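Read through the structure below, which is laid out as structure tokens, and then see the notes.
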Amino acid sequence: MKIVHSLAELRQALAEARRPAFVPTMGNLHEGHLALVRQARPLGDVSVASIFVNRLQFLPHEDFDSYPRTWEADCAKLRATGCDLLFAPREADLYPEPQTFKVQPDPALADLLEGQFRPGFFTGVCTVVMKLFMAVFAGKAEGVAVFGKKDYQQLMVLRRMAQQFALPVEVVAGETCRAADGLALSSRNGYLSESERARAVQLSLALRELGREALAAAHALPQRLDALEAQALEGLQAQGWQADYLTVRRRSDLQRPQGGEPLVVLGAARLGGTRLIDNLEMDS
Ligand code: PAF
């Protein structure tokens, strides 16, 4: 695996590539990331991963400084997974001057759920992903980028960004990887204490239960939904979580369902000091 840091080195390394297959990450790689790299590899002629902890997508009180940076282990994992090229820009490579031009995502999609609780988050994500796309796909007629469904809203926002800017990049979704007990893999799981880790699956269990109830109430969902969501939220809080949201949405645009549409159940909640997110697509 070749490792490059600057934009110039990246462009040189990709000079012959026709269709790069790209997996952007913030490092601290786990099986979920590696599954995305495995999925990406046959979709292009060169597989590229990036590692960059993007300051722009963290709020001032969030964990930018303490976000786990595990460079050696990440390189070893990517090498073992067969990644061809790792782009690991330094901050000065991606942000040589303060990033005053930003990519502003559609508020109808980006100002709800994560965007409501982490204002500016999706602007930071879109801005860095646009810069990474420009770096990896510059001069290419086509390319593919794989993002995990674990960050469901992020995947939707970035897919829309690529469509609306007519970027020559196919955005592909990767399934969420889960631990044996059902906890969605996430770099932030590493913040959990042993006892918190044992309870962390309660979030996905609460989402599954809420999804089941929503499907069972499908005939009267718009009228029943508030009560079902409030009950799910109370149930999780009673187990010691502080929940931001547990909600049932239409898969197409993350708006509230009117009945009969494919559904996704999404949640974000804090266990001790760790904020976890998860989601489940519900099949009726
Ligand atoms: O999902 C992530 O790890 C990040 O939000 C991303 C897409 C790499 C942008 O920094």
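Every chain in the structure tokens takes a letter, A first, then B, and so on in the order presented; its residues are numbered from 1, and the ligands are numbered from 1 following the presented order.
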DSSP-assigned helix (DSSP H, G or I) among region 136-271 of chain A, expressed as a PDB file with N, CA and C atoms, in the first residue's frame:
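File states17.pdb, as written:
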```pdb
ATOM      1  N   VAL A 136      -9.209  13.378  -4.867  1.00  0.00           N
ATOM      2  CA  VAL A 136      -9.105  11.994  -5.361  1.00  0.00           C
ATOM      3  C   VAL A 136      -9.602  11.869  -6.800  1.00  0.00           C
ATOM      4  N   PHE A 137     -10.682  12.593  -7.123  1.00  0.00           N
ATOM      5  CA  PHE A 137     -11.324  12.374  -8.428  1.00  0.00           C
ATOM      6  C   PHE A 137     -10.984  13.449  -9.470  1.00  0.00           C
ATOM      7  N   LYS A 149     -23.814   2.822   6.147  1.00  0.00           N
ATOM      8  CA  LYS A 149     -25.176   3.158   6.567  1.00  0.00           C
ATOM      9  C   LYS A 149     -25.251   3.462   8.053  1.00  0.00           C
ATOM     10  N   LYS A 150     -24.218   3.117   8.803  1.00  0.00           N
ATOM     11  CA  LYS A 150     -24.187   3.447  10.234  1.00  0.00           C
ATOM     12  C   LYS A 150     -24.452   4.948  10.410  1.00  0.00           C
ATOM     13  N   ASP A 151     -23.857   5.765   9.534  1.00  0.00           N
ATOM     14  CA  ASP A 151     -24.108   7.216   9.536  1.00  0.00           C
ATOM     15  C   ASP A 151     -25.118   7.501   8.428  1.00  0.00           C
ATOM     16  N   TYR A 152     -26.351   7.110   8.694  1.00  0.00           N
ATOM     17  CA  TYR A 152     -27.389   7.049   7.655  1.00  0.00           C
ATOM     18  C   TYR A 152     -27.665   8.412   7.048  1.00  0.00           C
ATOM     19  N   GLN A 153     -27.818   9.395   7.915  1.00  0.00           N
ATOM     20  CA  GLN A 153     -28.139  10.751   7.427  1.00  0.00           C
ATOM     21  C   GLN A 153     -26.946  11.321   6.659  1.00  0.00           C
ATOM     22  N   GLN A 154     -25.737  11.058   7.151  1.00  0.00           N
ATOM     23  CA  GLN A 154     -24.531  11.514   6.441  1.00  0.00           C
ATOM     24  C   GLN A 154     -24.490  10.931   5.024  1.00  0.00           C
ATOM     25  N   LEU A 155     -24.769   9.635   4.922  1.00  0.00           N
ATOM     26  CA  LEU A 155     -24.793   8.981   3.612  1.00  0.00           C
ATOM     27  C   LEU A 155     -25.790   9.677   2.682  1.00  0.00           C
ATOM     28  N   MET A 156     -26.974   9.988   3.208  1.00  0.00           N
ATOM     29  CA  MET A 156     -27.995  10.631   2.367  1.00  0.00           C
ATOM     30  C   MET A 156     -27.576  12.038   1.953  1.00  0.00           C
ATOM     31  N   VAL A 157     -27.012  12.782   2.904  1.00  0.00           N
ATOM     32  CA  VAL A 157     -26.572  14.152   2.608  1.00  0.00           C
ATOM     33  C   VAL A 157     -25.485  14.129   1.525  1.00  0.00           C
ATOM     34  N   LEU A 158     -24.529  13.222   1.670  1.00  0.00           N
ATOM     35  CA  LEU A 158     -23.410  13.188   0.721  1.00  0.00           C
ATOM     36  C   LEU A 158     -23.855  12.681  -0.648  1.00  0.00           C
ATOM     37  N   ARG A 159     -24.806  11.755  -0.644  1.00  0.00           N
ATOM     38  CA  ARG A 159     -25.330  11.272  -1.933  1.00  0.00           C
ATOM     39  C   ARG A 159     -26.014  12.423  -2.683  1.00  0.00           C
ATOM     40  N   ARG A 160     -26.800  13.219  -1.942  1.00  0.00           N
ATOM     41  CA  ARG A 160     -27.480  14.372  -2.560  1.00  0.00           C
ATOM     42  C   ARG A 160     -26.478  15.409  -3.024  1.00  0.00           C
ATOM     43  N   MET A 161     -25.436  15.616  -2.211  1.00  0.00           N
ATOM     44  CA  MET A 161     -24.405  16.594  -2.598  1.00  0.00           C
ATOM     45  C   MET A 161     -23.788  16.165  -3.930  1.00  0.00           C
ATOM     46  N   ALA A 162     -23.427  14.893  -4.039  1.00  0.00           N
ATOM     47  CA  ALA A 162     -22.797  14.406  -5.279  1.00  0.00           C
ATOM     48  C   ALA A 162     -23.755  14.567  -6.457  1.00  0.00           C
ATOM     49  N   GLN A 163     -25.054  14.266  -6.219  1.00  0.00           N
ATOM     50  CA  GLN A 163     -26.034  14.400  -7.316  1.00  0.00           C
ATOM     51  C   GLN A 163     -26.192  15.849  -7.726  1.00  0.00           C
ATOM     52  N   GLN A 164     -26.393  16.716  -6.710  1.00  0.00           N
ATOM     53  CA  GLN A 164     -26.756  18.095  -7.040  1.00  0.00           C
ATOM     54  C   GLN A 164     -25.598  18.864  -7.663  1.00  0.00           C
ATOM     55  N   SER A 187     -15.997   4.017  16.138  1.00  0.00           N
ATOM     56  CA  SER A 187     -14.759   4.388  16.830  1.00  0.00           C
ATOM     57  C   SER A 187     -15.067   4.863  18.243  1.00  0.00           C
ATOM     58  N   ARG A 188     -16.219   5.479  18.425  1.00  0.00           N
ATOM     59  CA  ARG A 188     -16.545   6.032  19.744  1.00  0.00           C
ATOM     60  C   ARG A 188     -16.919   4.948  20.762  1.00  0.00           C
ATOM     61  N   ASN A 189     -17.124   3.684  20.316  1.00  0.00           N
ATOM     62  CA  ASN A 189     -17.374   2.616  21.288  1.00  0.00           C
ATOM     63  C   ASN A 189     -16.187   2.465  22.233  1.00  0.00           C
ATOM     64  N   GLY A 190     -15.003   2.855  21.749  1.00  0.00           N
ATOM     65  CA  GLY A 190     -13.803   2.751  22.570  1.00  0.00           C
ATOM     66  C   GLY A 190     -13.844   3.647  23.801  1.00  0.00           C
ATOM     67  N   TYR A 191     -14.729   4.638  23.821  1.00  0.00           N
ATOM     68  CA  TYR A 191     -14.853   5.518  24.992  1.00  0.00           C
ATOM     69  C   TYR A 191     -15.637   4.845  26.122  1.00  0.00           C
ATOM     70  N   GLU A 194     -16.252  -0.716  30.693  1.00  0.00           N
ATOM     71  CA  GLU A 194     -16.663  -2.120  30.528  1.00  0.00           C
ATOM     72  C   GLU A 194     -18.155  -2.289  30.801  1.00  0.00           C
ATOM     73  N   SER A 195     -18.628  -1.655  31.857  1.00  0.00           N
ATOM     74  CA  SER A 195     -20.054  -1.845  32.195  1.00  0.00           C
ATOM     75  C   SER A 195     -20.944  -1.115  31.178  1.00  0.00           C
ATOM     76  N   GLU A 196     -20.487   0.040  30.694  1.00  0.00           N
ATOM     77  CA  GLU A 196     -21.259   0.735  29.649  1.00  0.00           C
ATOM     78  C   GLU A 196     -21.286  -0.100  28.366  1.00  0.00           C
ATOM     79  N   ARG A 197     -20.134  -0.683  28.027  1.00  0.00           N
ATOM     80  CA  ARG A 197     -20.077  -1.503  26.800  1.00  0.00           C
ATOM     81  C   ARG A 197     -21.089  -2.656  26.880  1.00  0.00           C
ATOM     82  N   ALA A 198     -21.229  -3.220  28.070  1.00  0.00           N
ATOM     83  CA  ALA A 198     -22.165  -4.350  28.223  1.00  0.00           C
ATOM     84  C   ALA A 198     -23.612  -3.901  27.985  1.00  0.00           C
ATOM     85  N   ARG A 199     -23.895  -2.624  28.237  1.00  0.00           N
ATOM     86  CA  ARG A 199     -25.276  -2.126  28.095  1.00  0.00           C
ATOM     87  C   ARG A 199     -25.505  -1.393  26.769  1.00  0.00           C
ATOM     88  N   GLN A 202     -28.387  -1.636  24.185  1.00  0.00           N
ATOM     89  CA  GLN A 202     -29.763  -1.186  24.510  1.00  0.00           C
ATOM     90  C   GLN A 202     -30.283  -0.175  23.495  1.00  0.00           C
ATOM     91  N   LEU A 203     -29.391   0.623  22.903  1.00  0.00           N
ATOM     92  CA  LEU A 203     -29.848   1.609  21.907  1.00  0.00           C
ATOM     93  C   LEU A 203     -30.432   0.907  20.685  1.00  0.00           C
ATOM     94  N   SER A 204     -29.708  -0.078  20.159  1.00  0.00           N
ATOM     95  CA  SER A 204     -30.244  -0.734  18.948  1.00  0.00           C
ATOM     96  C   SER A 204     -31.460  -1.583  19.294  1.00  0.00           C
ATOM     97  N   LEU A 205     -31.508  -2.134  20.525  1.00  0.00           N
ATOM     98  CA  LEU A 205     -32.712  -2.889  20.923  1.00  0.00           C
ATOM     99  C   LEU A 205     -33.925  -1.962  20.983  1.00  0.00           C
ATOM    100  N   ALA A 206     -33.715  -0.743  21.510  1.00  0.00           N
ATOM    101  CA  ALA A 206     -34.826   0.223  21.595  1.00  0.00           C
ATOM    102  C   ALA A 206     -35.293   0.610  20.190  1.00  0.00           C
ATOM    103  N   LEU A 207     -34.347   0.766  19.262  1.00  0.00           N
ATOM    104  CA  LEU A 207     -34.720   1.118  17.883  1.00  0.00           C
ATOM    105  C   LEU A 207     -35.499  -0.027  17.234  1.00  0.00           C
ATOM    106  N   ARG A 208     -35.041  -1.254  17.491  1.00  0.00           N
ATOM    107  CA  ARG A 208     -35.720  -2.409  16.892  1.00  0.00           C
ATOM    108  C   ARG A 208     -37.161  -2.490  17.387  1.00  0.00           C
ATOM    109  N   GLU A 209     -37.325  -2.275  18.710  1.00  0.00           N
ATOM    110  CA  GLU A 209     -38.661  -2.344  19.307  1.00  0.00           C
ATOM    111  C   GLU A 209     -39.553  -1.215  18.744  1.00  0.00           C
ATOM    112  N   LEU A 210     -39.000  -0.021  18.655  1.00  0.00           N
ATOM    113  CA  LEU A 210     -39.764   1.102  18.103  1.00  0.00           C
ATOM    114  C   LEU A 210     -40.163   0.808  16.645  1.00  0.00           C
ATOM    115  N   GLY A 211     -39.242   0.232  15.892  1.00  0.00           N
ATOM    116  CA  GLY A 211     -39.533  -0.104  14.498  1.00  0.00           C
ATOM    117  C   GLY A 211     -40.647  -1.126  14.399  1.00  0.00           C
ATOM    118  N   ARG A 212     -40.589  -2.148  15.272  1.00  0.00           N
ATOM    119  CA  ARG A 212     -41.635  -3.191  15.262  1.00  0.00           C
ATOM    120  C   ARG A 212     -42.988  -2.561  15.562  1.00  0.00           C
ATOM    121  N   GLU A 213     -43.012  -1.693  16.567  1.00  0.00           N
ATOM    122  CA  GLU A 213     -44.285  -1.067  16.936  1.00  0.00           C
ATOM    123  C   GLU A 213     -44.804  -0.174  15.817  1.00  0.00           C
ATOM    124  N   ALA A 214     -43.880   0.516  15.143  1.00  0.00           N
ATOM    125  CA  ALA A 214     -44.306   1.379  14.030  1.00  0.00           C
ATOM    126  C   ALA A 214     -44.917   0.540  12.908  1.00  0.00           C
ATOM    127  N   LEU A 215     -44.303  -0.600  12.633  1.00  0.00           N
ATOM    128  CA  LEU A 215     -44.855  -1.460  11.572  1.00  0.00           C
ATOM    129  C   LEU A 215     -46.222  -2.002  11.988  1.00  0.00           C
ATOM    130  N   ALA A 216     -46.334  -2.362  13.277  1.00  0.00           N
ATOM    131  CA  ALA A 216     -47.613  -2.905  13.753  1.00  0.00           C
ATOM    132  C   ALA A 216     -48.711  -1.843  13.708  1.00  0.00           C
ATOM    133  N   ALA A 218     -48.931   0.474  11.451  1.00  0.00           N
ATOM    134  CA  ALA A 218     -48.811   1.098  10.114  1.00  0.00           C
ATOM    135  C   ALA A 218     -50.110   1.733   9.635  1.00  0.00           C
ATOM    136  N   HIS A 219     -51.254   1.130   9.995  1.00  0.00           N
ATOM    137  CA  HIS A 219     -52.549   1.633   9.521  1.00  0.00           C
ATOM    138  C   HIS A 219     -52.836   3.038  10.061  1.00  0.00           C
ATOM    139  N   ALA A 220     -52.255   3.380  11.228  1.00  0.00           N
ATOM    140  CA  ALA A 220     -52.549   4.695  11.819  1.00  0.00           C
ATOM    141  C   ALA A 220     -51.261   5.379  12.262  1.00  0.00           C
ATOM    142  N   LEU A 221     -50.198   5.197  11.460  1.00  0.00           N
ATOM    143  CA  LEU A 221     -48.872   5.646  11.915  1.00  0.00           C
ATOM    144  C   LEU A 221     -48.795   7.144  12.218  1.00  0.00           C
ATOM    145  N   PRO A 222     -49.278   8.033  11.332  1.00  0.00           N
ATOM    146  CA  PRO A 222     -49.111   9.462  11.624  1.00  0.00           C
ATOM    147  C   PRO A 222     -49.724   9.861  12.974  1.00  0.00           C
ATOM    148  N   GLN A 223     -50.840   9.252  13.335  1.00  0.00           N
ATOM    149  CA  GLN A 223     -51.489   9.598  14.614  1.00  0.00           C
ATOM    150  C   GLN A 223     -50.766   8.958  15.813  1.00  0.00           C
ATOM    151  N   ARG A 224     -50.185   7.774  15.624  1.00  0.00           N
ATOM    152  CA  ARG A 224     -49.602   7.026  16.738  1.00  0.00           C
ATOM    153  C   ARG A 224     -48.120   7.340  16.972  1.00  0.00           C
ATOM    154  N   LEU A 225     -47.468   7.943  15.976  1.00  0.00           N
ATOM    155  CA  LEU A 225     -46.004   7.989  15.998  1.00  0.00           C
ATOM    156  C   LEU A 225     -45.427   8.763  17.188  1.00  0.00           C
ATOM    157  N   ASP A 226     -45.998   9.926  17.488  1.00  0.00           N
ATOM    158  CA  ASP A 226     -45.454  10.729  18.597  1.00  0.00           C
ATOM    159  C   ASP A 226     -45.436   9.913  19.886  1.00  0.00           C
ATOM    160  N   ALA A 227     -46.552   9.212  20.146  1.00  0.00           N
ATOM    161  CA  ALA A 227     -46.659   8.439  21.390  1.00  0.00           C
ATOM    162  C   ALA A 227     -45.653   7.289  21.394  1.00  0.00           C
ATOM    163  N   LEU A 228     -45.506   6.621  20.256  1.00  0.00           N
ATOM    164  CA  LEU A 228     -44.554   5.494  20.191  1.00  0.00           C
ATOM    165  C   LEU A 228     -43.124   5.986  20.419  1.00  0.00           C
ATOM    166  N   GLU A 229     -42.789   7.126  19.802  1.00  0.00           N
ATOM    167  CA  GLU A 229     -41.422   7.659  19.963  1.00  0.00           C
ATOM    168  C   GLU A 229     -41.179   8.104  21.406  1.00  0.00           C
ATOM    169  N   ALA A 230     -42.184   8.742  22.009  1.00  0.00           N
ATOM    170  CA  ALA A 230     -42.027   9.209  23.395  1.00  0.00           C
ATOM    171  C   ALA A 230     -41.830   8.030  24.336  1.00  0.00           C
ATOM    172  N   GLN A 231     -42.572   6.959  24.079  1.00  0.00           N
ATOM    173  CA  GLN A 231     -42.459   5.755  24.914  1.00  0.00           C
ATOM    174  C   GLN A 231     -41.061   5.129  24.775  1.00  0.00           C
ATOM    175  N   ALA A 232     -40.558   5.083  23.544  1.00  0.00           N
ATOM    176  CA  ALA A 232     -39.222   4.509  23.305  1.00  0.00           C
ATOM    177  C   ALA A 232     -38.154   5.346  24.014  1.00  0.00           C
ATOM    178  N   LEU A 233     -38.315   6.670  23.913  1.00  0.00           N
ATOM    179  CA  LEU A 233     -37.354   7.587  24.541  1.00  0.00           C
ATOM    180  C   LEU A 233     -37.342   7.410  26.058  1.00  0.00           C
ATOM    181  N   GLU A 234     -38.550   7.341  26.636  1.00  0.00           N
ATOM    182  CA  GLU A 234     -38.658   7.150  28.100  1.00  0.00           C
ATOM    183  C   GLU A 234     -38.044   5.834  28.522  1.00  0.00           C
ATOM    184  N   GLY A 235     -38.288   4.779  27.708  1.00  0.00           N
ATOM    185  CA  GLY A 235     -37.744   3.457  28.029  1.00  0.00           C
ATOM    186  C   GLY A 235     -36.219   3.487  28.086  1.00  0.00           C
ATOM    187  N   LEU A 236     -35.604   4.168  27.124  1.00  0.00           N
ATOM    188  CA  LEU A 236     -34.140   4.227  27.086  1.00  0.00           C
ATOM    189  C   LEU A 236     -33.609   5.100  28.231  1.00  0.00           C
ATOM    190  N   GLN A 237     -34.303   6.203  28.493  1.00  0.00           N
ATOM    191  CA  GLN A 237     -33.869   7.081  29.602  1.00  0.00           C
ATOM    192  C   GLN A 237     -33.942   6.304  30.923  1.00  0.00           C
ATOM    193  N   ALA A 238     -34.993   5.449  31.061  1.00  0.00           N
ATOM    194  CA  ALA A 238     -35.164   4.682  32.297  1.00  0.00           C
ATOM    195  C   ALA A 238     -34.010   3.707  32.498  1.00  0.00           C
TER     196      ALA A 238
END
```
Neighbouring residues of Ala110 (chain A) were defined as those with any atom within 8 Å, considering only C-alpha atoms; residues of the same chain fewer than 4 positions away were excluded. Please report them as a PyMOL selection string. chain A and resi 105-106+114-115+122+153+157
Put those residues in a file: C-alpha atoms, as a PDB file, in the first residue's frame.
```pdb
ATOM      1  CA  PRO A 105     -26.118  21.207   2.565  1.00  0.00           C
ATOM      2  CA  ASP A 106     -29.868  21.352   1.951  1.00  0.00           C
ATOM      3  CA  GLU A 114     -27.956  14.969  13.771  1.00  0.00           C
ATOM      4  CA  GLY A 115     -28.033  18.485  12.319  1.00  0.00           C
ATOM      5  CA  PHE A 122     -23.023  18.427   8.003  1.00  0.00           C
ATOM      6  CA  GLN A 153     -28.139  10.751   7.427  1.00  0.00           C
ATOM      7  CA  VAL A 157     -26.572  14.152   2.608  1.00  0.00           C
TER       8      VAL A 157
END
```
Residues within 10 Å of ligand 1, counting only C-alpha atoms and all ligand atoms, as a count of residues only: 40
Which is closer to Ala173 (chain A) than all the others in A:Ala13, A:Val37, A:Ala8, A:Ala76, using only C-alpha atoms?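 Looking only at the distances to Ala173 (chain A), the closest residue turns out to be A:Val37.
When only C-alpha atoms are used to measure the gap to Val169 (chain A), the shortest distance among A:Arg270, A:Arg79, A:Lys140, A:His30 belongs to A:Lys140.
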Of the candidates A:Arg118, A:Arg69, A:Arg11, A:Arg90, which shows the shortest atom-to-atom distance to Arg275 (chain A), using only C-alpha atoms? A:Arg118
Of the listed residues A:Pro60, A:Gly267, A:Gly182, A:Gly174, that which approaches Gly120 (chain A) most closely, counting only C-alpha atoms: A:Pro60
Residues at most 10 Å from Ala15 (chain A), counting only C-alpha atoms, excluding those fewer than 5 positions away in the same chain, as an MDAnalysis selection string? chainID A and resid 9:10 138:140
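Of the residues under consideration (A:Pro98, A:Gly273, A:Gly259, A:Pro119), A:Pro119 shows the shortest atom-to-atom contact distance to Leu59 (chain A) when counting only C-alpha atoms.
CA of Tyr67 (chain A) is found 18.1 Å from CA of Ala184 (chain A).
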Would you pick out the contacts of Leu263 (chain A) at 9 Å or less, using only C-alpha atoms, so that residues sharing its chain but fewer than 6 positions from it are not included, and give the list as a ChimeraX atom specification? /A:211,214-215,248-252,254,257,280-284
